[in-house]
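Novice: Enclosed is the structure file data30.cif (mmCIF, C-alpha atoms and all ligand atoms).
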```cif
data_entry
loop_
_atom_site.label_atom_id
_atom_site.label_comp_id
_atom_site.auth_asym_id
_atom_site.auth_seq_id
_atom_site.Cartn_x
_atom_site.Cartn_y
_atom_site.Cartn_z
CA MET Y 1 12.95 -18.25 1.03
CA SER Y 2 13.55 -15.17 3.16
CA PRO Y 3 10.84 -14.36 5.72
CA HIS Y 4 9.18 -10.94 5.65
CA VAL Y 5 11.10 -8.69 8.05
CA PRO Y 6 8.88 -5.86 9.32
CA VAL Y 7 10.26 -2.40 8.59
CA LEU Y 8 10.51 0.49 11.12
CA ILE Y 9 8.69 -1.65 13.68
CA ALA Y 10 10.05 0.17 16.75
CA GLU Y 11 9.10 3.54 15.26
CA VAL Y 12 5.62 2.32 14.30
CA LEU Y 13 5.02 0.98 17.82
CA ALA Y 14 6.25 4.22 19.39
CA ALA Y 15 3.88 6.20 17.17
CA LEU Y 16 0.91 3.97 17.94
CA ALA Y 17 1.52 4.15 21.72
CA VAL Y 18 -0.78 1.14 22.18
CA VAL Y 19 -2.65 0.90 25.48
CA GLU Y 20 -3.85 -2.49 26.74
CA GLY Y 21 -7.45 -3.16 25.76
CA GLU Y 22 -7.45 -0.76 22.79
CA ILE Y 23 -8.75 -1.73 19.35
CA HIS Y 24 -6.31 -1.44 16.44
CA VAL Y 25 -6.48 -2.01 12.70
CA ASP Y 26 -3.54 -3.47 10.82
CA GLY Y 27 -4.61 -2.76 7.24
CA THR Y 28 -1.79 -4.82 5.71
CA PHE Y 29 -1.35 -8.05 7.69
CA GLY Y 30 1.24 -9.67 5.38
CA ALA Y 31 3.34 -12.00 7.54
CA GLY Y 32 1.82 -10.45 10.67
CA GLY Y 33 4.93 -8.61 11.89
CA TYR Y 34 3.09 -5.45 12.95
CA THR Y 35 0.03 -7.36 14.16
CA LYS Y 36 2.15 -9.53 16.48
CA ALA Y 37 3.82 -6.43 17.91
CA ILE Y 38 0.48 -4.68 18.51
CA LEU Y 39 -1.01 -7.83 20.06
CA SER Y 40 1.95 -8.10 22.40
CA GLU Y 41 1.06 -4.63 23.75
CA GLY Y 42 -2.29 -6.06 24.85
CA ALA Y 43 -4.57 -4.65 22.13
CA ARG Y 44 -7.35 -6.28 20.12
CA VAL Y 45 -6.45 -6.29 16.42
CA PHE Y 46 -8.50 -6.41 13.23
CA ALA Y 47 -5.97 -7.34 10.56
CA PHE Y 48 -6.83 -6.91 6.89
CA ASP Y 49 -5.20 -8.45 3.85
CA ARG Y 50 -6.59 -8.78 0.35
CA ASP Y 51 -4.26 -11.73 -0.32
CA PRO Y 52 -5.96 -15.04 0.57
CA ASP Y 53 -2.53 -16.68 1.10
CA ALA Y 54 -1.57 -14.12 3.79
CA ILE Y 55 -4.90 -14.70 5.55
CA ALA Y 56 -4.54 -18.51 5.38
CA GLU Y 57 -1.01 -18.31 6.79
CA GLY Y 58 -2.23 -16.11 9.65
CA GLU Y 59 -4.94 -18.48 10.82
CA GLN Y 60 -2.76 -20.17 13.39
CA LEU Y 61 -1.88 -16.82 14.96
CA GLU Y 62 -5.58 -15.97 15.02
CA SER Y 63 -6.50 -19.20 16.77
CA LEU Y 64 -3.71 -18.71 19.35
CA SER Y 65 -4.72 -15.11 20.07
CA GLY Y 66 -7.47 -15.91 22.56
CA GLY Y 67 -10.00 -13.96 20.50
CA ARG Y 68 -7.83 -10.81 20.32
CA LEU Y 69 -7.02 -11.16 16.60
CA THR Y 70 -9.60 -11.13 13.82
CA LEU Y 71 -8.31 -11.63 10.29
CA VAL Y 72 -10.34 -9.84 7.63
CA PRO Y 73 -9.89 -10.99 4.00
CA GLU Y 74 -10.75 -7.60 2.56
CA ARG Y 75 -9.23 -4.47 1.03
CA PHE Y 76 -8.30 -1.89 3.63
CA SER Y 77 -10.26 0.78 1.75
CA ARG Y 78 -13.33 -1.11 2.97
CA MET Y 79 -12.28 -1.15 6.64
CA ARG Y 80 -15.21 0.98 7.73
CA GLN Y 81 -17.86 -1.40 6.40
CA ALA Y 82 -15.90 -4.49 7.49
CA LEU Y 83 -15.43 -3.20 11.05
CA ARG Y 84 -19.10 -2.32 11.25
CA SER Y 85 -20.00 -5.89 10.33
CA HIS Y 86 -18.01 -6.90 13.44
CA GLY Y 87 -19.93 -4.36 15.53
CA VAL Y 88 -16.99 -1.91 15.69
CA GLU Y 89 -17.59 1.77 14.87
CA GLU Y 90 -14.39 3.34 16.26
CA VAL Y 91 -10.78 2.27 16.71
CA ASP Y 92 -7.74 3.61 18.56
CA GLY Y 93 -5.15 3.09 15.82
CA VAL Y 94 -4.77 2.31 12.12
CA THR Y 95 -1.52 1.10 10.57
CA LEU Y 96 -0.83 0.65 6.86
CA ASP Y 97 2.39 -0.88 5.51
CA ILE Y 98 1.94 -0.32 1.80
CA GLY Y 99 3.18 -2.52 -1.04
CA VAL Y 100 4.06 -6.15 -1.56
CA SER Y 101 5.30 -8.60 1.04
CA SER Y 102 8.47 -10.65 0.72
CA MET Y 103 6.27 -13.75 0.40
CA GLN Y 104 4.53 -12.29 -2.63
CA LEU Y 105 7.84 -11.26 -4.21
CA ASP Y 106 9.68 -14.47 -3.42
CA ARG Y 107 7.07 -16.87 -4.76
CA ALA Y 108 7.73 -17.02 -8.50
CA GLU Y 109 4.22 -18.39 -9.15
CA ARG Y 110 2.67 -15.12 -7.92
CA GLY Y 111 4.30 -13.33 -10.84
CA PHE Y 112 5.58 -10.21 -9.02
CA SER Y 113 9.29 -10.83 -9.50
CA PHE Y 114 11.55 -10.04 -12.42
CA GLN Y 115 14.28 -12.09 -10.76
CA ALA Y 116 12.51 -15.46 -10.76
CA ASP Y 117 10.56 -16.65 -13.78
CA GLY Y 118 6.86 -17.30 -13.25
CA PRO Y 119 3.45 -16.70 -14.79
CA LEU Y 120 2.79 -12.99 -15.36
CA ASP Y 121 0.14 -12.70 -12.64
CA MET Y 122 0.79 -9.92 -10.01
CA ARG Y 123 -2.72 -9.99 -8.51
CA MET Y 124 -2.59 -9.55 -4.73
CA SER Y 125 -6.15 -10.79 -4.31
CA ARG Y 126 -5.80 -13.53 -6.94
CA GLU Y 127 -8.95 -12.13 -8.57
CA GLY Y 128 -9.60 -10.10 -11.71
CA HIS Y 129 -7.28 -9.41 -14.63
CA SER Y 130 -3.70 -10.66 -14.47
CA ALA Y 131 -0.68 -8.68 -15.63
CA ALA Y 132 -0.60 -10.92 -18.74
CA ASP Y 133 -4.25 -10.03 -19.52
CA PHE Y 134 -3.43 -6.34 -19.24
CA LEU Y 135 -0.23 -6.42 -21.30
CA ASN Y 136 -1.75 -8.62 -24.01
CA GLN Y 137 -4.98 -6.61 -24.35
CA ALA Y 138 -4.30 -2.94 -23.61
CA ASP Y 139 -3.24 -0.60 -26.38
CA GLU Y 140 0.29 0.72 -26.59
CA ALA Y 141 -0.58 4.23 -25.35
CA GLU Y 142 -2.29 2.88 -22.24
CA ILE Y 143 0.66 0.62 -21.41
CA ALA Y 144 3.05 3.54 -21.89
CA ASP Y 145 0.93 5.76 -19.63
CA VAL Y 146 0.87 3.16 -16.85
CA ILE Y 147 4.64 2.63 -17.01
CA TYR Y 148 5.25 6.38 -17.03
CA THR Y 149 2.77 7.28 -14.28
CA TYR Y 150 3.33 4.47 -11.80
CA GLY Y 151 6.93 3.62 -12.64
CA GLU Y 152 8.13 7.18 -13.30
CA GLU Y 153 9.96 5.56 -16.22
CA PRO Y 154 11.24 8.08 -18.79
CA LYS Y 155 11.57 5.36 -21.47
CA SER Y 156 7.95 4.22 -21.10
CA ARG Y 157 7.03 4.66 -24.78
CA ARG Y 158 9.95 2.61 -26.00
CA ILE Y 159 9.12 -0.16 -23.51
CA ALA Y 160 5.41 -0.16 -24.44
CA ARG Y 161 6.32 -0.45 -28.13
CA ALA Y 162 8.59 -3.42 -27.41
CA ILE Y 163 5.89 -5.11 -25.30
CA VAL Y 164 3.24 -4.77 -28.01
CA ALA Y 165 5.67 -6.06 -30.66
CA ALA Y 166 6.47 -9.14 -28.56
CA ARG Y 167 2.89 -10.15 -27.66
CA PRO Y 168 1.66 -12.55 -26.38
CA ILE Y 169 3.65 -12.29 -23.15
CA GLU Y 170 2.95 -14.91 -20.50
CA ARG Y 171 6.01 -15.08 -18.20
CA THR Y 172 7.79 -12.62 -15.90
CA GLY Y 173 11.14 -13.67 -17.35
CA GLN Y 174 9.93 -12.82 -20.85
CA LEU Y 175 8.73 -9.37 -19.74
CA ALA Y 176 11.97 -8.65 -17.88
CA ALA Y 177 14.02 -9.57 -20.97
CA ILE Y 178 11.87 -7.35 -23.23
CA VAL Y 179 12.24 -4.36 -20.88
CA ARG Y 180 15.99 -4.84 -20.39
CA LYS Y 181 16.51 -5.02 -24.16
CA ALA Y 182 14.34 -1.93 -24.80
CA VAL Y 183 16.03 0.15 -22.09
CA GLY Y 184 19.57 -1.12 -22.50
CA TYR Y 185 21.00 -3.34 -19.78
CA ASN Y 186 24.44 -4.16 -18.58
CA PRO Y 187 25.09 -6.45 -15.62
CA GLY Y 188 27.02 -3.73 -13.76
CA MET Y 189 23.89 -1.62 -13.36
CA LYS Y 190 22.91 -0.76 -9.77
CA LYS Y 191 19.23 -1.21 -10.39
CA ASP Y 192 17.69 -3.67 -12.82
CA PRO Y 193 15.98 -1.62 -15.57
CA ALA Y 194 12.92 -3.88 -15.27
CA THR Y 195 12.28 -2.63 -11.69
CA ARG Y 196 10.22 0.43 -12.63
CA THR Y 197 8.11 -1.36 -15.22
CA PHE Y 198 7.25 -4.23 -12.87
CA GLN Y 199 6.40 -1.76 -10.10
CA ALA Y 200 4.17 0.24 -12.46
CA ILE Y 201 2.20 -2.74 -13.73
CA ARG Y 202 1.71 -4.05 -10.19
CA ILE Y 203 0.48 -0.69 -8.89
CA HIS Y 204 -1.91 -0.27 -11.82
CA LEU Y 205 -3.30 -3.80 -11.68
CA ASN Y 206 -3.92 -3.72 -7.94
CA GLU Y 207 -5.18 -0.10 -7.99
CA GLU Y 208 -2.69 0.61 -5.22
CA ILE Y 209 -2.84 4.41 -5.35
CA GLN Y 210 -6.64 4.43 -5.30
CA GLU Y 211 -6.55 1.89 -2.43
CA LEU Y 212 -4.15 4.09 -0.47
CA GLU Y 213 -6.39 7.14 -0.95
CA GLY Y 214 -9.43 5.09 0.04
CA GLY Y 215 -7.61 3.60 3.04
CA LEU Y 216 -6.61 7.02 4.35
CA ALA Y 217 -10.17 8.29 3.94
CA ALA Y 218 -11.52 5.19 5.69
CA ALA Y 219 -9.03 5.62 8.55
CA GLU Y 220 -10.26 9.18 8.97
CA TYR Y 221 -13.74 7.76 9.49
CA VAL Y 222 -12.93 4.95 11.89
CA LEU Y 223 -10.32 6.60 14.10
CA ARG Y 224 -11.70 8.02 17.32
CA SER Y 225 -10.65 11.45 18.50
CA GLY Y 226 -7.08 10.95 19.73
CA GLY Y 227 -6.65 7.82 17.59
CA ARG Y 228 -3.29 7.31 15.86
CA LEU Y 229 -2.51 6.76 12.17
CA ALA Y 230 0.80 5.25 11.02
CA VAL Y 231 1.57 4.72 7.33
CA VAL Y 232 4.73 3.19 5.86
CA THR Y 233 5.37 3.59 2.13
CA PHE Y 234 8.21 2.43 -0.10
CA HIS Y 235 8.38 4.94 -2.91
CA SER Y 236 7.81 8.59 -3.56
CA LEU Y 237 4.59 8.09 -5.50
CA GLU Y 238 2.85 6.61 -2.46
CA ASP Y 239 4.54 8.85 0.06
CA ARG Y 240 3.30 11.87 -1.87
CA VAL Y 241 -0.30 10.67 -1.45
CA VAL Y 242 0.12 10.31 2.34
CA LYS Y 243 2.00 13.60 2.68
CA ARG Y 244 -0.64 15.50 0.71
CA PHE Y 245 -3.50 13.90 2.65
CA LEU Y 246 -1.99 14.77 6.03
CA ARG Y 247 -0.98 18.29 5.02
CA GLU Y 248 -4.46 18.98 3.76
CA ARG Y 249 -6.36 17.36 6.63
CA SER Y 250 -4.21 19.10 9.24
CA GLY Y 251 -4.91 22.47 7.65
CA ALA Y 252 -1.30 23.02 6.52
CA VAL Y 253 -2.44 23.60 2.91
CA PRO Y 254 -5.85 24.61 1.52
CA ALA Y 255 -8.23 21.79 0.58
CA ALA Y 256 -7.54 20.45 -2.90
CA SER Y 257 -11.20 20.00 -3.72
CA ARG Y 258 -13.60 22.82 -4.46
CA HIS Y 259 -16.43 20.49 -3.45
CA LEU Y 260 -15.49 20.38 0.22
CA PRO Y 261 -17.84 22.15 2.60
CA VAL Y 262 -16.20 25.47 3.40
CA GLN Y 263 -16.83 26.80 6.88
CA ALA Y 264 -17.23 30.42 7.88
CA ASN Y 265 -13.45 30.67 8.52
CA ASP Y 266 -10.99 29.08 6.08
CA GLY Y 267 -12.21 25.55 5.50
CA PRO Y 268 -13.21 22.37 7.30
CA ALA Y 269 -11.72 21.95 10.76
CA PRO Y 270 -8.51 19.86 10.69
CA SER Y 271 -9.26 16.15 11.12
CA PHE Y 272 -5.60 15.31 11.93
CA GLU Y 273 -3.02 16.98 14.13
CA ALA Y 274 0.44 16.30 15.52
CA VAL Y 275 1.59 15.37 12.04
CA ALA Y 276 5.15 14.31 12.69
CA LYS Y 277 8.12 14.72 10.36
CA PRO Y 278 8.64 11.67 8.11
CA VAL Y 279 10.69 8.91 9.74
CA ARG Y 280 13.33 6.95 7.78
CA ALA Y 281 15.20 3.82 8.78
CA GLY Y 282 18.60 4.18 10.40
CA GLU Y 283 21.83 2.72 8.98
CA ALA Y 284 21.73 -0.35 11.24
CA GLU Y 285 18.23 -1.34 10.11
CA ILE Y 286 19.12 -0.75 6.46
CA ARG Y 287 22.18 -2.98 6.83
CA SER Y 288 20.14 -5.85 8.25
CA ASN Y 289 17.06 -5.29 6.05
CA PRO Y 290 17.82 -3.61 2.70
CA ARG Y 291 14.06 -3.17 2.02
CA ALA Y 292 14.10 -0.53 4.79
CA ARG Y 293 16.23 1.80 2.65
CA SER Y 294 13.27 3.25 0.80
CA ALA Y 295 10.74 3.14 3.66
CA THR Y 296 9.08 6.32 4.95
CA LEU Y 297 6.81 6.39 8.00
CA ARG Y 298 4.29 9.18 8.51
CA VAL Y 299 2.17 9.44 11.65
CA ALA Y 300 -0.62 11.71 12.86
CA ARG Y 301 -3.32 11.93 15.50
CA ARG Y 302 -7.05 12.20 14.78
CA THR Y 303 -8.84 15.28 16.09
CA SER Y 304 -12.51 15.43 17.06
CA ALA Y 305 -13.52 17.17 13.78
CA SER Y 306 -15.84 15.47 11.29
CA PRO Y 307 -14.17 13.44 8.56
CA TRP Y 308 -13.57 15.53 5.45
CA SER Y 309 -14.12 12.41 3.36
CA LYS Y 310 -17.85 12.83 3.88
CA ALA Y 311 -17.66 15.54 1.26
CA TYR Y 312 -16.03 13.31 -1.36
CA LYS Y 313 -18.86 11.60 -3.20
CA GLY Y 314 -18.81 7.84 -3.01
CA MET Y 315 -15.62 7.63 -0.97
CA ALA Y 316 -15.47 5.41 2.10
CA SER Y 317 -19.29 5.42 2.20
C1 LIG K 401 4.40 -4.86 2.96
S1 LIG K 401 3.29 -6.15 3.29
C2 LIG K 401 2.88 -5.97 4.99
C3 LIG K 401 3.83 -6.66 5.91
C4 LIG K 401 3.43 -6.62 7.36
N1 LIG K 401 3.44 -5.28 7.93
C5 LIG K 401 4.33 -7.51 8.20
O1 LIG K 401 4.99 -7.01 9.13
O2 LIG K 401 4.40 -8.71 7.93
C6 LIG K 401 1.82 -5.60 2.54
C7 LIG K 401 0.64 -6.56 2.62
O3 LIG K 401 -0.54 -5.78 2.43
C8 LIG K 401 -1.40 -6.44 1.55
N2 LIG K 401 -2.14 -5.38 0.86
C9 LIG K 401 -1.66 -4.50 -0.04
N3 LIG K 401 -2.63 -3.66 -0.43
C10 LIG K 401 -3.74 -4.00 0.27
C11 LIG K 401 -5.08 -3.48 0.33
N4 LIG K 401 -5.43 -2.46 -0.41
N5 LIG K 401 -5.93 -4.05 1.19
C12 LIG K 401 -5.57 -5.10 1.97
N6 LIG K 401 -4.33 -5.64 1.94
C13 LIG K 401 -3.43 -5.09 1.10
C14 LIG K 401 -0.53 -7.26 0.65
O4 LIG K 401 -1.26 -8.36 0.17
C15 LIG K 401 0.61 -7.66 1.59
O5 LIG K 401 0.35 -8.90 2.19
#
```
Could I get this file's structure written as structure tokens?
Specialist:
Amino acid sequence: MSPHVPVLIAEVLAALAVVEGEIHVDGTFGAGGYTKAILSEGARVFAFDRDPDAIAEGEQLESLSGGRLTLVPERFSRMRQALRSHGVEEVDGVTLDIGVSSMQLDRAERGFSFQADGPLDMRMSREGHSAADFLNQADEAEIADVIYTYGEEPKSRRIARAIVAARPIERTGQLAAIVRKAVGYNPGMKKDPATRTFQAIRIHLNEEIQELEGGLAAAEYVLRSGGRLAVVTFHSLEDRVVKRFLRERSGAVPAASRHLPVQANDGPAPSFEAVAKPVRAGEAEIRSNPRARSATLRVARRTSASPWSKAYKGMAS
């Protein structure tokens, strides 16, 4: 099994500019690649992961950290409440590395992979409805919408029809075969046609877009003035959420919501600044870690303005 190789680690560390004694949040602990790097700069780290396996596998690192690492088995959208329960109101940096880890993908029994047959699970937190529950219970239109929206799959309707006709579906191998047949597959294809459908179902089931929005809003709350935000995403759907959030919060575009408190001038004061151009992996990193090919890093610095999220009802409260 291949270990999880952290992506854009040098660029993330440069953006975070960690100072000894600072407090940082790693919202996506995974195999701890980023956390280890931040710890080695002398910071205290609160590392979140909603996957109980990732937390269990990090316990040794936590016990060796001399009290500098606290693992938090929680969604990162809830970082504000979780930090408060540890007596922390403000942090110096927040890092999010969105998506699945290699451990989740490689373990067939977690049900994320179309390459290895396993139960159709796909739940990061191991709680709630599984992918099999969704595909066996939802109606055809809903399945098609999910595959279209989160997979950007033009043949979503055809795939949804094939899924409903083949129910019940219990295994990843079965789903992959249904999708390949519906879409048309030949072994010479660059990308397996099941990729988009698996991605879509995973994103839907784990509410990944909503989590990302909630995580960004929560980071806006917990970052002190001058605090740094670094977010790595792996496809355009997620990158668009980060890009829009930072453009809006830095005042580059007007606020998307009419419900935001408008100040005497144009709108709320920017809550982020120094929004850097997106960073992509170089050729050398892509050669040694193919996962880096689709990675985009966006970074920004928190200003002293109030969080805009206060105006969004129910968000990050
Ligand atoms: C791409 S991996 C992170 C890898 C990590 N940066 C490293 O270097 O090992 C993403 C991890 O974030 C976790 N995760 C995804 N969404 C989450 C959320 N909303 N809240 C907490 N953890 C989440 C996943 O369970 C997975 O372990």
Novice: For the point (-3.2, 9.5, 13.3) in the file's frame, write as a PyMOL selection string all residues with an atom no more than 10 Å away, counting all atoms listed in the file.
Specialist: chain Y and resi 15-16+92-95+216+219-220+223-231+246+271-276+298-303
Novice: Rounded to one decimal in Å, what is the spacing between atom C4 of ligand LIG 401 (chain K) and atom CA of Y:Asp49?
Specialist: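 That distance, rounded to one decimal, is 9.5 Å.
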Novice: Skipping near chain neighbours, those fewer than 6 positions away, what residues fall within 9 Å of stretch 123-129 of chain Y using only C-alpha atoms, listed as a VMD selection string?
Specialist: chain Y and resid 49 to 53 74 to 75 100 104 110 to 112 202 205 to 206
Novice: Please return as a PyMOL selection string the residues found within 6 Å of ligand LIG 401 (chain K), counting all atoms listed in the file.
Specialist: chain Y and resi 4+6+27-34+48-51+54+74-76+97-101+124+211
Novice: If I take atom CA of Y:Thr35 and atom CA of Y:Ala56, how far is one from the other in Å, to one decimal?
Specialist: 14.9 Å
Novice: Counting all atoms listed in the file, which of Y:Asp239, Y:Glu207, Y:Glu152, Y:Glu170 gets nearest to Y:Asp133?
Specialist: Y:Glu170
Novice: Do you know which residues are at most 10 Å from Y:Gln174 counting all atoms listed in the file, after dropping those on the same chain fewer than 3 positions away, and could you put them as number ranges by chain?
Specialist: Y: 114, 117-120, 163, 166, 168-171, 177-179
Novice: Between atom CA of Y:Ser63 and atom CA of Y:Phe46, what distance in Å does the model show, to one decimal?
Specialist: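 If I compute the distance from atom CA of Y:Ser63 to atom CA of Y:Phe46, I get 13.4 Å.
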Novice: Give me, as CSV, each residue of stretch 274-316 of chain Y that comes within 12 Å of stretch 233-236 of chain Y, together with its shortest interatomic pair and the distance in Å at one decimal, counting all atoms listed in the file, with rows ordered by chain and rising residue number.
Specialist:
```
residue,atom,partner,partner_atom,distance
Y:Pro278,CA,Y:Thr233,CA,10.6
Y:Val279,CA,Y:Thr233,CA,10.7
Y:Arg280,CA,Y:Thr233,CA,10.3
Y:Ala281,CA,Y:Phe234,CA,11.4
Y:Pro290,CA,Y:Phe234,CA,11.7
Y:Arg291,CA,Y:Phe234,CA,8.4
Y:Ala292,CA,Y:Phe234,CA,8.2
Y:Arg293,CA,Y:Phe234,CA,8.5
Y:Ser294,CA,Y:Phe234,CA,5.2
Y:Ala295,CA,Y:Phe234,CA,4.6
Y:Thr296,CA,Y:Thr233,CA,5.4
Y:Leu297,CA,Y:Thr233,CA,6.7
Y:Arg298,CA,Y:Thr233,CA,8.6
Y:Val299,CA,Y:Thr233,CA,11.6
```
Novice: Within 12 Å of (-10.0, 0.3, 23.2), in the coordinates the file gives, what residues turn up when you count all atoms listed in the file, written out as an NGL selection string?
Specialist: :Y and (18-25 or 42-45 or 68 or 88-93 or 223-224 or 226-227)
Novice: Restricting the calculation to all atoms listed in the file, which member of Y:Ala200, Y:Ala176, Y:Val232, Y:Ala305 is positioned closest to Y:Gly251?
Specialist: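 Closest to Y:Gly251, using all atoms listed in the file: Y:Ala305.
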Novice: Hey, which of Y:Leu71, Y:Leu105, Y:Met79, Y:Ala165 ends up closest to Y:Ala217? Count all atoms listed in the file.
Specialist: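 For Y:Ala217, the nearest of the candidates is Y:Met79.
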Novice: Using all atoms listed in the file, can you tell me which of Y:Leu8, Y:Glu213, Y:Gln115, Y:Ile159 comes closest to Y:Glu283?
Specialist: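 Ranking Y:Leu8, Y:Glu213, Y:Gln115, Y:Ile159 by distance to Y:Glu283, first place goes to Y:Leu8.
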Novice: When distances are computed from all atoms listed in the file, which of Y:Tyr221, Y:Phe245, Y:Tyr148, Y:Tyr185 shows the smallest separation from Y:His204?
Specialist: Y:Tyr148
Novice: Can you patch up stretch 282-289 of chain Y, filling it in to all heavy atoms, and show the result as a tab-separated table (two decimals), in the frame of the given file?
Specialist:
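See selection.tsv below for the written result:
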```tsv
chain	number	residue	atom	x	y	z
Y	282	GLY	N	17.20	3.87	10.12
Y	282	GLY	CA	18.60	4.18	10.40
Y	282	GLY	C	19.53	3.21	9.67
Y	282	GLY	O	19.08	2.20	9.11
Y	283	GLU	N	20.83	3.53	9.69
Y	283	GLU	CA	21.83	2.72	8.98
Y	283	GLU	C	21.82	1.26	9.41
Y	283	GLU	O	21.91	0.35	8.59
Y	283	GLU	CB	23.24	3.31	9.19
Y	283	GLU	CG	23.58	4.41	8.20
Y	283	GLU	CD	23.32	4.01	6.75
Y	283	GLU	OE1	23.75	2.92	6.35
Y	283	GLU	OE2	22.67	4.80	6.04
Y	284	ALA	N	21.67	1.03	10.73
Y	284	ALA	CA	21.73	-0.35	11.24
Y	284	ALA	C	20.58	-1.17	10.67
Y	284	ALA	O	20.78	-2.31	10.21
Y	284	ALA	CB	21.67	-0.33	12.77
Y	285	GLU	N	19.37	-0.59	10.65
Y	285	GLU	CA	18.23	-1.34	10.11
Y	285	GLU	C	18.41	-1.59	8.61
Y	285	GLU	O	18.13	-2.68	8.12
Y	285	GLU	CB	16.91	-0.59	10.38
Y	285	GLU	CG	15.73	-1.35	9.77
Y	285	GLU	CD	14.35	-0.86	10.15
Y	285	GLU	OE1	14.24	0.12	10.90
Y	285	GLU	OE2	13.36	-1.49	9.70
Y	286	ILE	N	18.93	-0.58	7.90
Y	286	ILE	CA	19.12	-0.75	6.46
Y	286	ILE	C	20.13	-1.86	6.17
Y	286	ILE	O	19.95	-2.67	5.25
Y	286	ILE	CB	19.55	0.59	5.80
Y	286	ILE	CG1	18.40	1.60	5.90
Y	286	ILE	CG2	19.98	0.40	4.36
Y	286	ILE	CD1	18.77	3.02	5.51
Y	287	ARG	N	21.17	-1.93	7.02
Y	287	ARG	CA	22.18	-2.98	6.83
Y	287	ARG	C	21.57	-4.36	7.00
Y	287	ARG	O	21.83	-5.28	6.24
Y	287	ARG	CB	23.34	-2.80	7.82
Y	287	ARG	CG	24.57	-2.15	7.17
Y	287	ARG	CD	25.82	-2.34	8.01
Y	287	ARG	NE	25.65	-1.98	9.41
Y	287	ARG	CZ	25.73	-0.74	9.89
Y	287	ARG	NH1	26.00	0.26	9.09
Y	287	ARG	NH2	25.55	-0.50	11.18
Y	288	SER	N	20.69	-4.52	8.00
Y	288	SER	CA	20.14	-5.85	8.25
Y	288	SER	C	18.89	-6.13	7.41
Y	288	SER	O	18.51	-7.27	7.24
Y	288	SER	CB	19.84	-6.04	9.74
Y	288	SER	OG	18.80	-5.17	10.11
Y	289	ASN	N	18.26	-5.10	6.87
Y	289	ASN	CA	17.06	-5.29	6.05
Y	289	ASN	C	17.06	-4.25	4.93
Y	289	ASN	O	16.52	-3.15	5.08
Y	289	ASN	CB	15.80	-5.14	6.94
Y	289	ASN	CG	14.52	-5.43	6.16
Y	289	ASN	OD1	14.56	-5.94	5.03
Y	289	ASN	ND2	13.39	-5.11	6.77
```
